[in-house]
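Next up, protein-v9.csv (CSV, C-alpha atoms (C1' of nucleotides)):
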chain,number,residue,atom,x,y,z
P,1,MET,CA,-7.2,0.4,9.4
P,2,THR,CA,-5.8,2.5,12.2
P,3,GLU,CA,-8.3,4.5,14.4
P,4,PRO,CA,-10.9,7.2,14.2
P,5,LEU,CA,-10.0,10.9,13.9
P,6,ASP,CA,-10.3,13.5,16.7
P,7,PRO,CA,-10.3,16.8,14.8
P,8,ALA,CA,-9.6,18.6,18.1
P,9,LYS,CA,-6.1,17.1,18.0
P,10,LEU,CA,-5.3,18.5,14.6
P,11,LYS,CA,-4.9,22.1,15.5
P,12,SER,CA,-1.1,22.2,15.6
P,13,ALA,CA,1.5,21.2,13.0
P,14,LEU,CA,4.7,19.2,13.6
P,15,PRO,CA,7.5,21.7,14.2
P,16,ARG,CA,10.5,22.2,11.8
P,17,LYS,CA,12.9,20.5,14.2
P,18,PHE,CA,10.9,17.3,13.6
P,19,TYR,CA,12.1,17.3,9.9
P,20,ASP,CA,15.6,18.6,10.6
P,21,ARG,CA,17.1,15.1,10.9
P,22,ASP,CA,18.1,12.1,8.8
P,23,PRO,CA,15.2,11.4,6.4
P,24,ARG,CA,15.2,7.8,7.5
P,25,ARG,CA,14.5,8.7,11.1
P,26,VAL,CA,11.9,11.3,10.0
P,27,SER,CA,10.2,8.7,7.7
P,28,CYS,CA,9.8,6.3,10.6
P,29,ASP,CA,8.3,9.0,12.8
P,30,LEU,CA,6.0,10.4,10.1
P,31,LEU,CA,4.1,7.1,10.0
P,32,GLY,CA,0.8,7.5,11.9
P,33,LYS,CA,0.9,11.3,11.6
P,34,VAL,CA,-2.0,13.1,9.8
P,35,LEU,CA,-1.9,15.0,6.6
P,36,VAL,CA,-4.4,17.9,6.8
P,37,ARG,CA,-6.0,20.1,4.2
P,38,THR,CA,-8.0,23.1,5.3
P,39,GLN,CA,-10.1,25.8,3.8
P,40,GLY,CA,-10.4,28.8,6.0
P,41,LYS,CA,-10.6,27.4,9.5
P,42,LYS,CA,-12.3,24.2,8.4
P,43,ILE,CA,-10.6,20.9,7.8
P,44,THR,CA,-11.7,19.6,4.4
P,45,ALA,CA,-9.5,16.5,4.3
P,46,ALA,CA,-7.4,14.5,6.7
P,47,ALA,CA,-5.6,11.2,6.3
P,48,ARG,CA,-3.2,9.1,8.3
P,49,ILE,CA,0.3,8.6,6.8
P,50,VAL,CA,0.9,4.8,6.3
P,51,GLU,CA,3.7,4.7,3.7
P,52,VAL,CA,6.7,7.0,2.9
P,53,GLU,CA,10.1,6.8,1.3
P,54,ALA,CA,13.4,8.5,2.3
P,55,TYR,CA,15.6,10.3,-0.2
P,56,PHE,CA,19.0,11.9,0.3
P,57,GLY,CA,21.3,14.0,-1.8
P,58,PRO,CA,24.7,13.4,-3.4
P,59,HIS,CA,25.0,9.7,-2.3
P,60,ASP,CA,21.5,8.7,-3.3
P,61,ALA,CA,21.3,8.1,-7.1
P,62,ALA,CA,17.5,7.8,-7.0
P,63,ALA,CA,17.0,11.2,-5.4
P,64,HIS,CA,16.0,14.3,-7.4
P,65,SER,CA,18.7,16.2,-5.6
P,66,PHE,CA,21.4,13.7,-6.8
P,67,ILE,CA,22.3,15.8,-9.8
P,68,GLY,CA,22.8,18.9,-7.7
P,69,ARG,CA,20.7,22.0,-7.2
P,70,THR,CA,18.4,23.0,-10.1
P,71,ALA,CA,15.3,25.2,-10.4
P,72,ARG,CA,13.0,22.2,-10.0
P,73,ASN,CA,14.6,20.6,-6.9
P,74,ALA,CA,15.7,23.7,-5.0
P,75,ILE,CA,13.2,23.1,-2.2
P,76,LEU,CA,15.0,19.9,-1.3
P,77,PHE,CA,18.2,21.9,-0.7
P,78,GLY,CA,16.4,24.5,1.4
P,79,PRO,CA,15.2,24.4,5.1
P,80,SER,CA,13.2,21.4,6.3
P,81,GLY,CA,9.5,21.1,6.5
P,82,PHE,CA,8.6,22.5,3.1
P,83,ALA,CA,6.5,20.8,0.4
P,84,TYR,CA,8.3,19.7,-2.7
P,85,VAL,CA,5.7,18.8,-5.4
P,86,TYR,CA,6.7,17.5,-8.8
P,87,PHE,CA,4.9,16.4,-11.9
P,88,ILE,CA,5.8,12.9,-13.2
P,89,TYR,CA,4.9,10.7,-16.2
P,90,GLY,CA,2.8,13.5,-17.7
P,91,ASN,CA,-0.1,12.7,-15.5
P,92,HIS,CA,0.7,12.7,-11.8
P,93,TYR,CA,1.8,14.9,-8.9
P,94,CYS,CA,3.9,13.6,-6.0
P,95,LEU,CA,4.1,15.2,-2.6
P,96,ASN,CA,7.4,15.3,-0.6
P,97,VAL,CA,8.6,17.2,2.5
P,98,SER,CA,12.1,18.6,2.7
P,99,CYS,CA,14.4,17.3,5.4
P,100,LEU,CA,17.8,18.2,6.9
P,101,PRO,CA,19.1,21.8,7.5
P,102,ASP,CA,19.3,24.5,4.9
P,103,GLY,CA,21.9,23.6,2.4
P,104,VAL,CA,21.8,19.9,2.9
P,105,PRO,CA,19.5,18.1,0.5
P,106,GLY,CA,17.0,15.4,1.5
P,107,GLY,CA,13.3,14.7,1.5
P,108,ILE,CA,10.5,12.2,2.0
P,109,LEU,CA,8.0,11.0,-0.6
P,110,PHE,CA,4.4,10.4,0.7
P,111,ARG,CA,3.4,7.1,-1.0
P,112,ALA,CA,0.1,6.3,0.8
P,113,VAL,CA,-2.3,7.6,3.3
P,114,GLU,CA,-5.5,6.2,5.0
P,115,PRO,CA,-8.5,8.5,4.6
P,116,LEU,CA,-10.0,9.7,7.9
P,117,PHE,CA,-12.1,12.7,6.9
P,118,GLY,CA,-13.4,14.3,3.8
P,119,ILE,CA,-13.8,11.1,1.9
P,120,GLU,CA,-16.6,12.4,-0.3
P,121,ASP,CA,-14.3,15.3,-1.5
P,122,MET,CA,-11.5,12.9,-2.1
P,123,ALA,CA,-13.7,10.6,-4.2
P,124,GLN,CA,-14.9,13.6,-6.2
P,125,ALA,CA,-11.3,14.8,-6.7
P,126,ARG,CA,-10.4,11.3,-7.9
P,127,GLY,CA,-13.4,11.0,-10.2
P,128,MET,CA,-14.5,7.9,-8.3
P,129,PRO,CA,-17.9,6.7,-7.0
P,130,LEU,CA,-18.3,6.9,-3.2
P,131,ASN,CA,-19.2,3.2,-3.1
P,132,GLY,CA,-15.9,2.3,-4.8
P,133,ASN,CA,-12.8,0.7,-3.4
P,134,LEU,CA,-11.6,3.2,-0.8
P,135,ARG,CA,-8.0,1.8,-1.3
P,136,LEU,CA,-8.0,3.3,-4.7
P,137,LEU,CA,-8.5,6.8,-3.2
P,138,THR,CA,-5.1,7.3,-1.6
P,139,SER,CA,-3.0,4.2,-2.1
P,140,GLY,CA,-0.1,5.5,-4.2
P,141,PRO,CA,1.7,8.8,-4.5
P,142,GLY,CA,-0.2,10.0,-7.5
P,143,ARG,CA,-3.5,9.0,-6.1
P,144,LEU,CA,-3.1,10.7,-2.7
P,145,ALA,CA,-2.0,13.9,-4.4
P,146,GLN,CA,-5.1,13.9,-6.5
P,147,ALA,CA,-7.3,13.1,-3.6
P,148,PHE,CA,-6.0,16.1,-1.7
P,149,GLY,CA,-6.0,18.3,-4.8
P,150,ILE,CA,-2.2,18.7,-4.5
P,151,THR,CA,-0.6,20.3,-7.5
P,152,ARG,CA,2.8,21.9,-8.1
P,153,GLU,CA,1.2,25.3,-8.8
P,154,ARG,CA,-0.8,25.3,-5.7
P,155,ASP,CA,1.4,23.6,-3.1
P,156,ASN,CA,5.1,23.5,-4.1
P,157,GLY,CA,7.1,25.4,-1.5
P,158,LYS,CA,4.3,25.5,1.1
P,159,ASP,CA,5.4,25.4,4.8
P,160,LEU,CA,4.0,22.1,6.2
P,161,THR,CA,5.0,23.1,9.7
P,162,ASP,CA,2.5,26.0,9.8
P,163,ALA,CA,-1.0,25.1,10.8
P,164,ARG,CA,-2.1,28.3,9.1
P,165,SER,CA,-1.1,26.8,5.8
P,166,ASP,CA,-3.9,25.0,4.0
P,167,LEU,CA,-1.7,21.9,4.0
P,168,PHE,CA,0.2,20.7,7.0
P,169,ILE,CA,1.0,17.6,9.1
P,170,ALA,CA,-0.3,17.1,12.6
P,171,ASP,CA,0.2,14.5,15.4
P,172,ASP,CA,-3.0,13.3,16.9
P,173,GLY,CA,-1.2,11.0,19.3
P,174,PHE,CA,-1.8,7.8,17.4
P,175,HIS,CA,0.6,5.1,18.3
P,176,VAL,CA,2.0,3.0,15.4
P,177,PRO,CA,2.0,-0.6,16.4
P,178,GLY,CA,4.7,-1.8,14.0
P,179,VAL,CA,6.9,-0.2,11.3
P,180,LEU,CA,8.1,-2.3,8.4
P,181,LYS,CA,11.2,-1.3,6.3
P,182,THR,CA,11.4,-2.4,2.6
P,183,PRO,CA,13.2,-1.4,-0.6
P,184,ARG,CA,11.8,1.7,-2.4
P,185,ILE,CA,9.3,1.3,-5.2
P,186,GLY,CA,9.2,2.5,-8.8
P,187,ILE,CA,12.9,3.4,-9.1
P,188,THR,CA,15.8,1.9,-11.1
P,189,LYS,CA,18.7,3.5,-9.3
P,190,SER,CA,19.7,2.5,-5.8
P,191,ALA,CA,16.6,0.2,-5.8
P,192,ASP,CA,18.1,-2.1,-3.3
P,193,LEU,CA,18.3,0.3,-0.4
P,194,PRO,CA,15.6,-0.4,2.3
P,195,TRP,CA,14.4,3.2,2.6
P,196,ARG,CA,10.7,2.7,2.3
P,197,PHE,CA,8.7,2.6,5.5
P,198,VAL,CA,5.1,1.3,6.0
P,199,ILE,CA,2.7,0.6,8.8
P,200,GLY,CA,2.7,-3.2,8.8
P,201,GLY,CA,-0.6,-4.7,7.7
P,202,ASN,CA,-2.3,-1.5,6.8
P,203,PRO,CA,-4.6,-2.0,3.8
P,204,PHE,CA,-3.9,1.4,2.3
P,205,VAL,CA,-0.2,0.6,1.7
P,206,SER,CA,0.6,0.7,-2.0
P,207,GLY,CA,2.3,-1.6,-4.4
P,208,PRO,CA,2.4,-5.3,-5.2
P,209,ARG,CA,2.5,-7.8,-2.4
P,210,LYS,CA,6.2,-8.6,-3.0
P,211,PHE,CA,7.0,-5.0,-1.9
P,212,GLN,CA,5.1,-5.5,1.3
P,213,VAL,CA,7.5,-8.0,2.6
P,214,ALA,CA,9.8,-6.4,5.2
P,215,VAL,CA,13.5,-6.7,5.2
P,216,GLN,CA,13.5,-5.5,8.8
P,217,SER,CA,10.8,-4.5,11.3
P,218,SER,CA,11.1,-2.3,14.4
P,219,ARG,CA,9.1,-0.8,17.2
P,220,HIS,CA,8.1,2.8,16.9
L,1,DG,C1',-3.6,-11.6,-9.2
L,2,DG,C1',0.0,-10.4,-11.9
L,3,DA,C1',2.6,-9.0,-16.0
L,4,DG,C1',2.7,-5.9,-19.9
L,5,DC,C1',2.0,-1.5,-21.9
L,6,DG,C1',0.5,3.1,-23.5
L,7,DA,C1',-0.5,7.9,-22.2
L,8,DT,C1',1.2,12.1,-21.0
L,9,DG,C1',4.4,16.9,-19.5
L,10,DT,C1',8.5,18.4,-17.6
L,11,DC,C1',13.3,18.5,-17.0
L,12,DC,C1',17.8,17.3,-17.9
L,13,DT,C1',21.4,12.6,-15.8
C,1,DG,C1',16.0,13.0,-27.4
C,2,DG,C1',15.4,10.2,-23.5
C,3,DA,C1',14.3,9.4,-18.9
C,4,DC,C1',10.9,9.5,-15.4
C,5,DA,C1',9.9,8.5,-7.1
C,6,DT,C1',2.7,6.6,-11.9
C,7,DC,C1',-1.8,5.0,-13.1
C,8,DG,C1',-5.4,2.4,-15.2
C,9,DC,C1',-6.4,-0.5,-18.6
C,10,DT,C1',-6.0,-4.8,-20.9
C,11,DC,C1',-4.9,-9.8,-21.4
C,12,DC,C1',-3.7,-14.2,-19.4
C,13,DG,C1',-3.8,-17.7,-16.0
In structure tokens, how does this file's structure come out?
Amino acid sequence: MTEPLDPAKLKSALPRKFYDRDPRRVSCDLLGKVLVRTQGKKITAAARIVEVEAYFGPHDAAAHSFIGRTARNAILFGPSGFAYVYFIYGNHYCLNVSCLPDGVPGGILFRAVEPLFGIEDMAQARGMPLNGNLRLLTSGPGRLAQAFGITRERDNGKDLTDARSDLFIADDGFHVPGVLKTPRIGITKSADLPWRFVIGGNPFVSGPRKFQVAVQSSRH
DNA sequence: GGAGCGATGTCCT
DNA sequence: GGACATCGCTCCG
């Protein structure tokens, strides 16, 4: 677990320049930041980012942008800081944020978050009892998307750098104690590249234990 | 706790 | 037609 939430610190979103860099650097710096869903001026859900994966373009065979620009992946080729939401395996949505300048593809997949606020709503969205295992609420890309009510229709193309969006990412000043770097999960191509980043020891990190072993750790 | 597997829609490799 | 950046359920140890 990380630390309690101070809603007063969630009023501003991370700026576009934050995302306008190498997705590996952005991934590392996104850990510990807060994903915020609002309705009107009210925060309805907030959760700390504890696991992400970096994806590139032409040189990353696992990336959706690897095949070149299509109607589906166009967001990844556009300016940074925008939500790329896709539907996978007939059941699940996955949330990404675009990185790198306009014209250069790249993005980051949100794989797990730690619920901080709005847990009742998340449980309802997941069809889970409130007294269930909290880890099952948001541990995994499909689960966190469902907990936040994220769909392609609703959120694809949304500007995550705008606190007036009903979905954005904020910095509440939390300091990440240790970042672990591991291979990415659930892919077959380029599966050896260590482009998955997690907050070491956080119980909301997804995946089997073997994927929680770091190939390299670093200070934030 | 871990391996195996089916369900399911969208987009092209 | 086949692949897919997943999940939840079995079955087995």
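Taking atom CA of Gly186 of chain P as the reference point, atom C1' of DT13 of chain L is found at 17.3 Å.
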Legend entry - Separation of atom CA of Asp159 of chain P from atom CA of Pro23 of chain P in Å: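 Spanning atom CA of Pro23 of chain P to atom CA of Asp159 of chain P is a straight-line distance of 17.2 Å.
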Inset, instruction - Restrict the distance test to all atoms listed in the file, flag each residue of chain C within 9 Å of chain P, and return the flagged residues as a count of residues only. - result: 4
Inset, instruction - Would you give me, as a ChimeraX atom specification, the residues of chain L that come within 9 Å of chain P, using all atoms listed in the file? - result: /L:2,7-11,13
Legend entry - Å distance separating atom CA of Pro183 of chain P from atom CA of Ser27 of chain P, one decimal place: 13.4 Å
Legend entry - Residue neighbourhood Gly173 of chain P, 10 Å, all atoms listed in the file, exclusion window fewer than 3 positions, as number ranges by chain: P: 6, 9-10, 32-34, 170, 176
Inset, instruction - Using only C-alpha atoms (C1' of nucleotides), determine which residues lie at most 12 Å from DC5 of chain L, disregarding the query and same-chain residues fewer than 4 positions distant; provide the list as an MDAnalysis selection string. - result: chainID C and resid 7:11
Legend entry - Protein/DNA/RNA residues near (-7.5, 0.9, 2.1), cut 6 Å, only C-alpha atoms (C1' of nucleotides), as a PyMOL selection string: chain P and resi 134-135+203-204
Selecting C-alpha atoms (C1' of nucleotides), how would chain C from this structure be written as a short mmCIF file (atom, residue, chain, number, x, y, z; two decimals), in the first residue's frame?
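The resulting file, result-v8.cif, is shown below:
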data_model
loop_
_atom_site.label_atom_id
_atom_site.label_comp_id
_atom_site.auth_asym_id
_atom_site.auth_seq_id
_atom_site.Cartn_x
_atom_site.Cartn_y
_atom_site.Cartn_z
"C1'" DG C 1 -9.55 -16.37 -41.17
"C1'" DG C 2 -6.56 -15.59 -37.46
"C1'" DA C 3 -4.48 -12.95 -34.01
"C1'" DC C 4 -5.13 -10.49 -29.84
"C1'" DA C 5 -1.07 -5.45 -24.52
"C1'" DT C 6 -7.38 -10.34 -20.72
"C1'" DC C 7 -10.20 -12.43 -17.28
"C1'" DG C 8 -12.38 -15.82 -14.48
"C1'" DC C 9 -13.25 -20.29 -14.03
"C1'" DT C 10 -11.90 -25.01 -13.54
"C1'" DC C 11 -8.79 -28.85 -12.20
"C1'" DC C 12 -4.68 -30.58 -10.07
"C1'" DG C 13 -1.15 -30.66 -6.69
#
